[in-house]
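Worksheet: the structure to be examined is printed underneath.
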Amino acid sequence: MGGKKTNTMNKMHLQSYLFAAGKPVGFLALARALGVEEGEVRGEVGAWAKTMNAPESGIHVLETQDQVQLVTNPAASAFLQDAFRQEVAGELTRPSLETLTIIAYRGPVTRPEIEEIRGVNCSLILRNLLMRGLIEERDDATKLQAVYSVSADFLRHMGLHSIQELPDFTRFNDHKKITDMLVRAHEEPTV
């Protein structure tokens with residue numbers, strides 16, 4: 001996707017990149033990924049927004065000064081709240097509780113690290129926990145990807161002042177077997 005600068009931008013790649021990102025993406029980062037100038041990306045996003053941001057469109061383009069993101073039509077917010085109310089309001093499933101426990105005791109932790117510990121894909125579980133406000137996601141410059149930590153809402157819900165107040169926090173936060181497993185996973189070559 002990156003590489004040489006070209007004269008034309010692949011619109012399909014732009015749209016696919018924004019959809020797959022699922023969060024705001026900087027115009028400069030998009031330009032680099034697409035191998036074009038930042039101005040070309042801004043122009044294409046602006047033109048696309050004029051088409052997409054129609055009242056009948058379910059997907060809109062949200063632009064800030066430096067970033068762009070695909071979002072749902074604000075007019076659909078009441079519908080979406082009702083549609084997802086059960087997903088957010090129901091009890092946590094066992095896989096959700098396992099994932100939340102890993103984040104609480106090992107956070108900040110990346111999705112691949114969580115999946116290494118659990119042994120299964122956790123994308124939907126992480127989305128659900130984010131929607132419930134129990135975890136927070138932020139980019140980590142050291143790990144070069146998003147990391148997850150429990151939120152202040154999680155601490156309030158649990159009646160804690162600090163994450164260190166969790167039972168056996170020190171023992172599980174620095175558990176040697178888990179640490180060794182994650183170190184080995186980072187050292188294994190990717191295919």
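In the structure tokens, chains take the letters A, B, ... in the order shown, each chain's residues start at 1, and ligands count up from 1 in the order shown.
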
Members of region 3-108 of chain A assigned strand (DSSP E or B) by DSSP, as a PyMOL selection string: chain A and resi 25-26+59-63+67-72

Pick out each residue of chain A that DSSP on the backbone tags as helix (DSSP H, G or I); I need them as JSON, numbers by chain. {"A": [11, 12, 13, 14, 15, 16, 17, 18, 19, 20, 21, 27, 28, 29, 30, 31, 32, 33, 34, 38, 39, 40, 41, 42, 43, 44, 45, 46, 47, 48, 49, 50, 51, 52, 74, 75, 76, 77, 78, 79, 80, 81, 82, 83, 84, 85, 86, 87, 88, 89, 94, 95, 96, 97, 98, 99, 100, 101, 102, 103, 104, 105, 106, 111, 112, 113, 114, 115, 116, 117, 118, 123, 124, 125, 126, 127, 128, 129, 130, 131, 132, 152, 153, 154, 155, 156, 157, 158, 163, 164, 165, 169, 170, 171, 172, 173, 176, 177, 178, 179, 180, 181, 182, 183, 184, 185, 186, 187]}

Two-atom distance - CA of Asn128 (chain A), CA of Ile114 (chain A) (Å):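 Taking CA of Asn128 (chain A) as the start and CA of Ile114 (chain A) as the end point, the length is 14.9 Å.
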
Quick one: which region 51-152 of chain A residues come within 7 Å of region 172-183 of chain A, and what is the nearest atom pair for each with the distance in Å to one decimal, counting only C-alpha atoms, rows ordered by chain and ascending number, as a tab-separated table?
```
residue	atom	partner	partner_atom	distance
A:Tyr105	CA	A:Asn173	CA	5.0
A:Arg106	CA	A:Asn173	CA	5.2
A:Glu113	CA	A:Leu182	CA	6.6
```

Close residues, Ile102 (chain A) itself excluded, 12 Å, only C-alpha atoms, min 2 positions apart in chain, as an MDAnalysis selection string: chainID A and resid 95:100 104:111 113:118 122 126 135 148:150 169 172:175 178

By how many Å are CA of Lys50 (chain A) and CA of Gln81 (chain A) apart? 26.0 Å

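For the choices A:Ala20, A:Ile163, A:Val41, A:Val147, the atom-to-atom distance to Thr101 (chain A) is smallest for A:Ile163 when using only C-alpha atoms.
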